[in-house]
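Have a look at the structure below before the remarks.
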Amino acid sequence: MSGRSRTLTGVRQPVVWLALAVLAILVGLVALPLAGLVADTVGEDADGAWGDVLSSPMSQALFWQPLGGSLLVGLGTGIISTIIGAFLAWVVVMSDVPGRRIIGVLAAIPFALPSFAIALAWESVFRNDLIGGTTGLLFSLGIPVPDWLAWGPVPVILTLVAHYYSLSFVVIAAALANVGGDLVAAAELTGASRARVAARIVIPAVAPAVLSGFLLAFAEGVSNFAVPALLGLPVRFQTLSTRLYGAISTGDATRGYVLSILLIVVAGLILFAGNRTTGGRSFSTITGKATRARITRTGGWRAPLAAMSWAAVVVTAIIPGIVLVVSTFLRRTNSFDSGLTLHYWIGGSDPSISHGMRGVLRDPVVLQATGGTLGLGIAVAAGAVLVGLFAAYAIRRRPRARIMNGTINLLAYVPFLIPGVALGAAFIAQFSAPIGPFGSLYGTFGILVLAGVAASIPFAFQTAKSALGQVSAELDEAAVLTGAGGPRRLARITVPLVSRGLANGAILVFVTMVRDLSVVVLLVTPATPLLSMMTFRYASEGFAQQASAITLIIAVISVAATLGARVLEKNRDDRPERSTS
Amino acid sequence: MTDLTIDRLGKRFGMQHAVDDLSLRIPSGAFLVLLGPSGCGKSTTLRMIAGLEDPTHGTISFDDRVIADGGSGQSIAPSKRGIGMVFQSYALWPHMTVQQNVEWPLTVAGWNRRDRAARVHEVLESLEIAHLAGRTPALISGGQQQRVAIARTIAPRPQVVLFDEPLSNLDARLRVETRSELGRVHRASGATSVYVTHDQVEALALATHIAVMNGGRLEQFGTPEELMERPATAFVASFLGSPAALLLPVVSDGADVVFDGVRVARTPGSALPAHAMFRPDSVLLCSDGDLDIDVVESTPQAGRHLVTGLVRGKGDMTTRVTIVSDQPSAPGTRTRLRLPDVPAAYFAADGSRL
């Protein structure tokens, strides 16, 4: 024991410095913006903002109706996403439906697309003449589209479902795969009917995953910004996200900050409740080794089940893409009457078409925005993964520093509870005023990176923790005995071993950042154009072709990176399988 | 009571024969061990008996009732076969307590509440895990999980109990302990049992009948004594026994059987032997023996010594053997091995006994 602690004393100091540096970064990125947000709503300049929002003649419109909208969208998204995700997970993992592998691949795609891509596709098809402007495909073909299907909560929920059921699917499919064939076989041997085995064994065993899938989709539905902004705002269907965006972007910052805090509280409560109910109840690691899933023969149900699952993935993963692609080739928005054109991709300036805007591939602003988006994605991915790695490493190396580790754990978790728009608001509140000798960060590329890193830290930290967890302490201890110092062991032993997991995490952070709108929407200025922001602006201003084209560029970047991540994943799974006798 | 008949059973995965032409029959209450190296088809055979896989050839019958027929494709559902199974992974339902895990099969079988409670109590008591009844599987140790799995399997009093390498996830001491527990459970229940393992010590300790399998085929079927006394193939001879029999690769030069240039015996009859088998306790280590042996290990055991070494004749050929000796030998030394005049058995080039 004493020999060991002497060994550790020699290297303790640098780790303490590392931990302090990590703590300082987390305080700067997480604690300070939140504190700034709160401070701005209670200071002398706040002018009774809390009262205005919560109890005044305005509070119905400012807070209560948007809260109702958020909860409605969240619940709808959560429930329907979970049902579809669970159904598809069962089909892919446990049934004999033809093409289930392809269904599995397709079901994971919508999450890689930006959520506003599906909203734009919806608009291209279902938009009616309620608010003027060009109508959608159906309407221009003479098919009337009722208002409730074109605008408001129904399309918002359905497009969010088309996006987030992917998440439920992935979570539940993983849990189902973990249930293992033996577990089900053991239940079938008792003579229980298939329904009984499902109700008593399979469903309870995956219940934590189902619940956490539901709560994730619920929280995302509550806080999503882009979709309600595109499909709800035109008919004044407000959620907390769109309301606080409206407040801040029209100069009513303080009330916007109050709404941000309230949104954080609502989303935080949901996610926190979810973590409490599902925490420690993951059943995956109990028995020895996982066994192949037991395939259910669906008999006469095979064809209907196949039709339903294929319909679900085709409608969400393939059709929106086709609609977006086609809509960029239509000379007149959402109408085949005037024929097709490549103008919106590669055309020069023509005063008769969209105020003389050039095709997106020839538009210098689009090219600049593409560079900005890629740069932002890469910078945020690198930054978040590094902070996550250092935080995880510091905690692992000093397991007994309770207070320090608790603080790091908490600060690295908190952004998970903060919806993107609210995080953006917090960064404005904290960094819009000049800090000391530095100028104001607002309007710089730097504030985008910082906000992105803050938003991505929870995921990066978890990834780094689990990657480090797979490297046994003995490997590091063996290196200690060679006399190698801390930084050297980190670089030579730990990092190479965790690099694949970290690279995977970095790619996912990159993808989320590339398609993100909610974190950056309040922070972007014309000096720092981003693709997602351009899409949003074009879509709100009625330039459907340009919006779709830029969305496609984002989708191509996201899907390419996601496929890259899958390839990494594949290689990791290439270990030889257990030989059975 | 149920006897088990397997007739020309076969299972093909694509082009690969996992099990090929397997036939055997055991009486009611027997304890059959399917023994062989990994990939030999023993688990596949067990899963076909359970009904978790369907055979592609041949039949499986309990008494006169055919439960699976690869020819017609007919098969009785696993739950209708009256079997219980202990899985290698235990397959305990993670969201149920120990009590619920054991009780649920009884509930499904339609037992009333009082009988269920009594039976659950009885099996938990007999396996000494009654105090764990309220815990979930995640909160008990591997050995305890294994006992729960056994309790759950035997609680409904199945006619046939199947075990799929049930001890392979336990440490050495627990393995021996649980093994004797299994024997006791078997004797108490009287159920016909089929047990899959690659560990010949387990097989010899538990079995009334052993089927040694290799490459999907049956090498030999018989009682443990028959297999030890009269191995039918070179594979069985090399696989069974602690230590296993000595197998020397030999050739016949007419009158004599020769190992690496050294005569070991007279050629038997007309057949051409490829291996000569000697009992490990029938050979002696002494300085004027027939063959050189380089000692690599010497392990004291039960008052005697297991000496492992590399045997060589006049050429470069070496064969690893383990013998039982009264004296220890220092590893790293060379001594000589004296063989009895006549080998215990000869095997032909295809492995069959001569």
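Ordered as shown in the structure tokens, chains take letters A, B, and onward, while each chain numbers its residues from 1 and ligands are numbered from 1 in the order shown.
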Sorted by chain and rising residue number, list the residues of stretch 116-194 of chain B at most 10 Å from stretch 185-203 of chain A (counting only C-alpha atoms), each with its closest atom pair and distance in Å to one decimal, as a Markdown table.
| residue | atom | partner | partner_atom | distance |
| --- | --- | --- | --- | --- |
| B:Ala149 | CA | A:Ala186 | CA | 9.9 |
| B:Arg152 | CA | A:Ala186 | CA | 9.7 |
| B:Thr153 | CA | A:Ala186 | CA | 8.9 |
| B:Pro156 | CA | A:Thr190 | CA | 8.5 |
| B:Pro158 | CA | A:Thr190 | CA | 9.8 |
Mind checking which residues fall within 7 Å of stretch 119-123 of chain A, counting only C-alpha atoms, ignoring those fewer than 5 positions away in the same chain, and posting them as a PyMOL selection string? chain A and resi 136+159+227+320+323-324+548
Using only C-alpha atoms, determine which residues lie at most 12 Å from A:Leu34, disregarding the query and same-chain residues fewer than 2 positions distant; provide the list as a PDB file with C-alpha atoms, in the first residue's frame.
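Below you can see around_20.pdb, which holds the result:
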ATOM      1  CA  LEU A  26     -16.573  24.011 -17.073  1.00  0.00           C
ATOM      2  CA  VAL A  27     -17.302  26.959 -14.791  1.00  0.00           C
ATOM      3  CA  GLY A  28     -16.650  29.356 -17.671  1.00  0.00           C
ATOM      4  CA  LEU A  29     -18.775  27.427 -20.154  1.00  0.00           C
ATOM      5  CA  VAL A  30     -21.618  26.248 -17.946  1.00  0.00           C
ATOM      6  CA  ALA A  31     -21.859  27.909 -14.555  1.00  0.00           C
ATOM      7  CA  LEU A  32     -21.084  31.485 -15.603  1.00  0.00           C
ATOM      8  CA  GLY A  36     -25.405  35.503 -16.051  1.00  0.00           C
ATOM      9  CA  LEU A  37     -28.809  34.450 -17.264  1.00  0.00           C
ATOM     10  CA  VAL A  38     -30.245  34.506 -13.761  1.00  0.00           C
ATOM     11  CA  ALA A  39     -28.458  37.718 -12.801  1.00  0.00           C
ATOM     12  CA  ASP A  40     -29.893  39.584 -15.770  1.00  0.00           C
ATOM     13  CA  THR A  41     -33.445  38.706 -14.751  1.00  0.00           C
ATOM     14  CA  TYR A 257     -34.059  35.270 -20.334  1.00  0.00           C
ATOM     15  CA  VAL A 258     -36.867  34.587 -17.864  1.00  0.00           C
ATOM     16  CA  SER A 260     -35.141  30.610 -20.984  1.00  0.00           C
ATOM     17  CA  ILE A 261     -34.846  29.843 -17.285  1.00  0.00           C
ATOM     18  CA  ILE A 264     -34.552  24.978 -18.656  1.00  0.00           C
ATOM     19  CA  VAL A 265     -36.577  24.143 -15.552  1.00  0.00           C
ATOM     20  CA  LEU A 411     -21.177  20.753 -14.438  1.00  0.00           C
ATOM     21  CA  VAL A 414     -26.034  20.219 -16.559  1.00  0.00           C
ATOM     22  CA  PRO A 415     -25.921  21.276 -20.257  1.00  0.00           C
ATOM     23  CA  LEU A 417     -30.775  19.652 -19.277  1.00  0.00           C
ATOM     24  CA  ILE A 418     -30.501  22.972 -21.120  1.00  0.00           C
ATOM     25  CA  ALA A 422     -31.909  28.685 -23.797  1.00  0.00           C
ATOM     26  CA  LEU A 423     -28.193  27.910 -23.856  1.00  0.00           C
ATOM     27  CA  GLY A 424     -27.775  30.427 -26.658  1.00  0.00           C
ATOM     28  CA  ALA A 425     -29.695  32.961 -24.567  1.00  0.00           C
ATOM     29  CA  ALA A 426     -27.415  32.298 -21.604  1.00  0.00           C
ATOM     30  CA  PHE A 427     -24.349  32.899 -23.755  1.00  0.00           C
ATOM     31  CA  ILE A 428     -25.789  36.198 -24.936  1.00  0.00           C
ATOM     32  CA  ALA A 429     -26.584  37.192 -21.378  1.00  0.00           C
ATOM     33  CA  GLN A 430     -23.053  36.370 -20.259  1.00  0.00           C
ATOM     34  CA  PHE A 431     -20.895  37.371 -23.214  1.00  0.00           C
ATOM     35  CA  ALA A 451     -21.672  27.562 -26.963  1.00  0.00           C
ATOM     36  CA  ALA A 454     -20.866  23.739 -23.795  1.00  0.00           C
TER      37      ALA A 454
END
Pick from B:Asn112, B:Ser298, B:Thr197, B:Ser38: nearest to chain A, with only C-alpha atoms counted?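 Of B:Asn112, B:Ser298, B:Thr197, B:Ser38, the one nearest chain A is B:Ser38, counting only C-alpha atoms.
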Distance atom CA of A:Ala117-atom CA of A:Phe536, one decimal place?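 It comes out at 10.1 Å.
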Within 6 Å of chain A: each chain B residue with its shortest pair, only C-alpha atoms, as JSON lines:
{"residue": "B:Ser38", "atom": "CA", "partner": "A:Ser581", "partner_atom": "CA", "distance": 4.5}
{"residue": "B:Gly39", "atom": "CA", "partner": "A:Ser581", "partner_atom": "CA", "distance": 3.7}
{"residue": "B:Cys40", "atom": "CA", "partner": "A:Ser581", "partner_atom": "CA", "distance": 5.4}
{"residue": "B:Gly41", "atom": "CA", "partner": "A:Ser581", "partner_atom": "CA", "distance": 5.0}
{"residue": "B:Lys42", "atom": "CA", "partner": "A:Ser581", "partner_atom": "CA", "distance": 5.7}
{"residue": "B:Ser43", "atom": "CA", "partner": "A:Ser581", "partner_atom": "CA", "distance": 5.1}
{"residue": "B:Pro78", "atom": "CA", "partner": "A:Leu189", "partner_atom": "CA", "distance": 5.6}
{"residue": "B:Ser79", "atom": "CA", "partner": "A:Gly191", "partner_atom": "CA", "distance": 4.1}
{"residue": "B:Ser89", "atom": "CA", "partner": "A:Gly288", "partner_atom": "CA", "distance": 4.8}
{"residue": "B:Ala91", "atom": "CA", "partner": "A:Leu183", "partner_atom": "CA", "distance": 4.5}
{"residue": "B:Pro105", "atom": "CA", "partner": "A:Thr190", "partner_atom": "CA", "distance": 5.1}
{"residue": "B:Val108", "atom": "CA", "partner": "A:Ala192", "partner_atom": "CA", "distance": 5.7}
{"residue": "B:Ala138", "atom": "CA", "partner": "A:Ile286", "partner_atom": "CA", "distance": 5.4}
Which of these, B:Ala155, B:Ala234, B:Val296, B:Ala30, has the shortest distance to B:Arg116 once you count only C-alpha atoms? B:Ala155
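Excluding B:Glu122 itself and same-chain residues fewer than 2 positions from it, the residues having an atom within 12 Å of it are Gln99, Val102, Glu103, Asp115, Arg116, Ala117, Ala118, Arg119, Val120, Leu124, Glu125, Ser126, Leu127, Glu128, Ile129, Ala130, Ala133, Ala151, Arg152, Ile154, Ala155 and Pro156 of chain B, counting only C-alpha atoms.
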Secondary structure check, strand (DSSP E or B) residues of stretch 217-249 of chain B, as a PyMOL selection string: chain B and resi 217-222+233+246-249
Mind checking which residues fall within 6 Å of stretch 249-259 of chain B, counting only C-alpha atoms, ignoring those fewer than 6 positions away in the same chain, and posting them as a CSV table (one decimal) with C-alpha atoms, in the first residue's frame?
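Dumped everything to result38.csv:
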chain,number,residue,atom,x,y,z
B,265,ALA,CA,5.8,-54.4,-29.5
B,266,ARG,CA,5.1,-57.3,-31.9
B,267,THR,CA,2.8,-56.5,-34.8
B,274,ALA,CA,-1.2,-46.1,-36.3
B,275,HIS,CA,-1.3,-45.6,-32.6
What does the structure give for the distance between atom CA of A:Ala401 and atom CA of A:Ser472, in Å to one decimal?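 Separation between atom CA of A:Ala401 and atom CA of A:Ser472: 20.0 Å.
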DSSP on the backbone, helix (DSSP H, G or I) only: what residues of stretch 20-225 of chain A does that give? Format it as a PyMOL selection string. chain A and resi 20-42+44-46+49-54+59-94+100-107+110-112+115-126+137-140+147-150+153-179+181-189+194-223
Separation of atom CA of A:Val567 from atom CA of A:Leu176 in Å: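 Here the two named atoms are 22.5 Å from each other.
Distance check against B:Gly315 using only C-alpha atoms: of B:Thr178, B:Leu291, B:Glu226, B:Arg65, the minimum falls on B:Leu291.
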Name all residues at most 12 Å from stretch 305-312 of chain A (count only C-alpha atoms; drop same-chain ones fewer than 5 positions away) and give them as a PyMOL selection string. chain A and resi 81+83-92+95-108+110+161-163+165-166+169+297-300+317-319
Output N, CA and C atoms of each residue in that selection to a file, as a short mmCIF file (atom, residue, chain, number, x, y, z; two decimals), in the first residue's frame.
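Generated output (again-v3.cif):
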data_model
loop_
_atom_site.label_atom_id
_atom_site.label_comp_id
_atom_site.auth_asym_id
_atom_site.auth_seq_id
_atom_site.Cartn_x
_atom_site.Cartn_y
_atom_site.Cartn_z
N SER A 81 -43.39 8.71 -30.93
CA SER A 81 -42.03 8.24 -31.24
C SER A 81 -41.75 6.91 -30.57
N ILE A 83 -43.88 4.62 -29.52
CA ILE A 83 -44.65 3.51 -30.10
C ILE A 83 -44.00 3.03 -31.40
N ILE A 84 -43.70 3.99 -32.29
CA ILE A 84 -43.11 3.59 -33.57
C ILE A 84 -41.72 3.01 -33.37
N GLY A 85 -40.93 3.67 -32.51
CA GLY A 85 -39.57 3.18 -32.27
C GLY A 85 -39.57 1.78 -31.69
N ALA A 86 -40.45 1.52 -30.72
CA ALA A 86 -40.49 0.21 -30.08
C ALA A 86 -40.96 -0.86 -31.07
N PHE A 87 -41.97 -0.50 -31.86
CA PHE A 87 -42.47 -1.44 -32.86
C PHE A 87 -41.34 -1.83 -33.83
N LEU A 88 -40.65 -0.82 -34.37
CA LEU A 88 -39.59 -1.12 -35.34
C LEU A 88 -38.45 -1.88 -34.68
N ALA A 89 -38.15 -1.54 -33.43
CA ALA A 89 -37.07 -2.24 -32.74
C ALA A 89 -37.41 -3.72 -32.62
N TRP A 90 -38.66 -4.01 -32.27
CA TRP A 90 -39.08 -5.41 -32.16
C TRP A 90 -38.98 -6.10 -33.52
N VAL A 91 -39.47 -5.40 -34.56
CA VAL A 91 -39.42 -5.99 -35.90
C VAL A 91 -37.98 -6.31 -36.28
N VAL A 92 -37.09 -5.37 -36.03
CA VAL A 92 -35.71 -5.54 -36.51
C VAL A 92 -34.97 -6.58 -35.67
N SER A 95 -38.12 -10.25 -34.94
CA SER A 95 -39.09 -10.87 -35.82
C SER A 95 -38.40 -11.43 -37.06
N ASP A 96 -39.18 -12.12 -37.89
CA ASP A 96 -38.62 -12.67 -39.12
C ASP A 96 -39.11 -11.90 -40.34
N VAL A 97 -39.46 -10.63 -40.12
CA VAL A 97 -39.96 -9.80 -41.22
C VAL A 97 -38.86 -9.63 -42.28
N PRO A 98 -39.21 -9.80 -43.55
CA PRO A 98 -38.17 -9.72 -44.58
C PRO A 98 -37.55 -8.32 -44.66
N GLY A 99 -36.25 -8.30 -44.88
CA GLY A 99 -35.54 -7.02 -45.03
C GLY A 99 -35.36 -6.28 -43.73
N ARG A 100 -35.38 -7.02 -42.59
CA ARG A 100 -35.35 -6.29 -41.33
C ARG A 100 -34.04 -5.56 -41.10
N ARG A 101 -32.96 -6.10 -41.67
CA ARG A 101 -31.69 -5.40 -41.52
C ARG A 101 -31.72 -4.04 -42.18
N ILE A 102 -32.28 -4.01 -43.40
CA ILE A 102 -32.35 -2.74 -44.12
C ILE A 102 -33.28 -1.78 -43.38
N ILE A 103 -34.38 -2.34 -42.84
CA ILE A 103 -35.28 -1.49 -42.05
C ILE A 103 -34.49 -0.86 -40.90
N GLY A 104 -33.63 -1.66 -40.27
CA GLY A 104 -32.84 -1.14 -39.16
C GLY A 104 -31.93 0.00 -39.59
N VAL A 105 -31.30 -0.16 -40.75
CA VAL A 105 -30.41 0.91 -41.24
C VAL A 105 -31.22 2.16 -41.54
N LEU A 106 -32.35 1.97 -42.23
CA LEU A 106 -33.17 3.13 -42.62
C LEU A 106 -33.73 3.84 -41.38
N ALA A 107 -34.11 3.06 -40.37
CA ALA A 107 -34.73 3.66 -39.19
C ALA A 107 -33.74 4.53 -38.42
N ALA A 108 -32.45 4.33 -38.65
CA ALA A 108 -31.48 5.16 -37.95
C ALA A 108 -31.17 6.44 -38.71
N PRO A 110 -33.26 9.02 -40.07
CA PRO A 110 -33.89 10.32 -39.83
C PRO A 110 -33.20 11.15 -38.75
N VAL A 161 -41.84 13.61 -34.69
CA VAL A 161 -41.86 12.15 -34.54
C VAL A 161 -41.00 11.51 -35.63
N ALA A 162 -41.17 12.02 -36.86
CA ALA A 162 -40.39 11.45 -37.96
C ALA A 162 -38.90 11.57 -37.69
N HIS A 163 -38.52 12.56 -36.91
CA HIS A 163 -37.11 12.75 -36.57
C HIS A 163 -36.70 11.92 -35.35
N TYR A 165 -38.26 9.38 -33.59
CA TYR A 165 -38.53 7.97 -33.35
C TYR A 165 -37.26 7.16 -33.54
N SER A 166 -36.37 7.69 -34.40
CA SER A 166 -35.05 7.10 -34.60
C SER A 166 -34.33 6.86 -33.28
N PHE A 169 -35.94 4.19 -31.34
CA PHE A 169 -35.62 2.93 -32.01
C PHE A 169 -34.23 2.43 -31.60
N ARG A 297 -41.39 -16.27 -35.05
CA ARG A 297 -42.01 -16.50 -36.36
C ARG A 297 -43.36 -15.82 -36.37
N THR A 298 -43.57 -14.91 -37.32
CA THR A 298 -44.79 -14.11 -37.31
C THR A 298 -45.87 -14.71 -38.18
N GLY A 299 -45.54 -15.75 -38.94
CA GLY A 299 -46.57 -16.46 -39.70
C GLY A 299 -47.36 -15.55 -40.61
N GLY A 300 -48.69 -15.61 -40.46
CA GLY A 300 -49.56 -14.83 -41.33
C GLY A 300 -49.44 -13.33 -41.14
N ALA A 317 -37.55 8.20 -43.88
CA ALA A 317 -36.13 8.24 -44.22
C ALA A 317 -35.90 8.50 -45.70
N ILE A 318 -36.84 8.13 -46.54
CA ILE A 318 -36.57 8.23 -47.98
C ILE A 318 -37.39 9.34 -48.62
N ILE A 319 -38.71 9.36 -48.34
CA ILE A 319 -39.56 10.33 -49.03
C ILE A 319 -39.17 11.79 -48.74
#
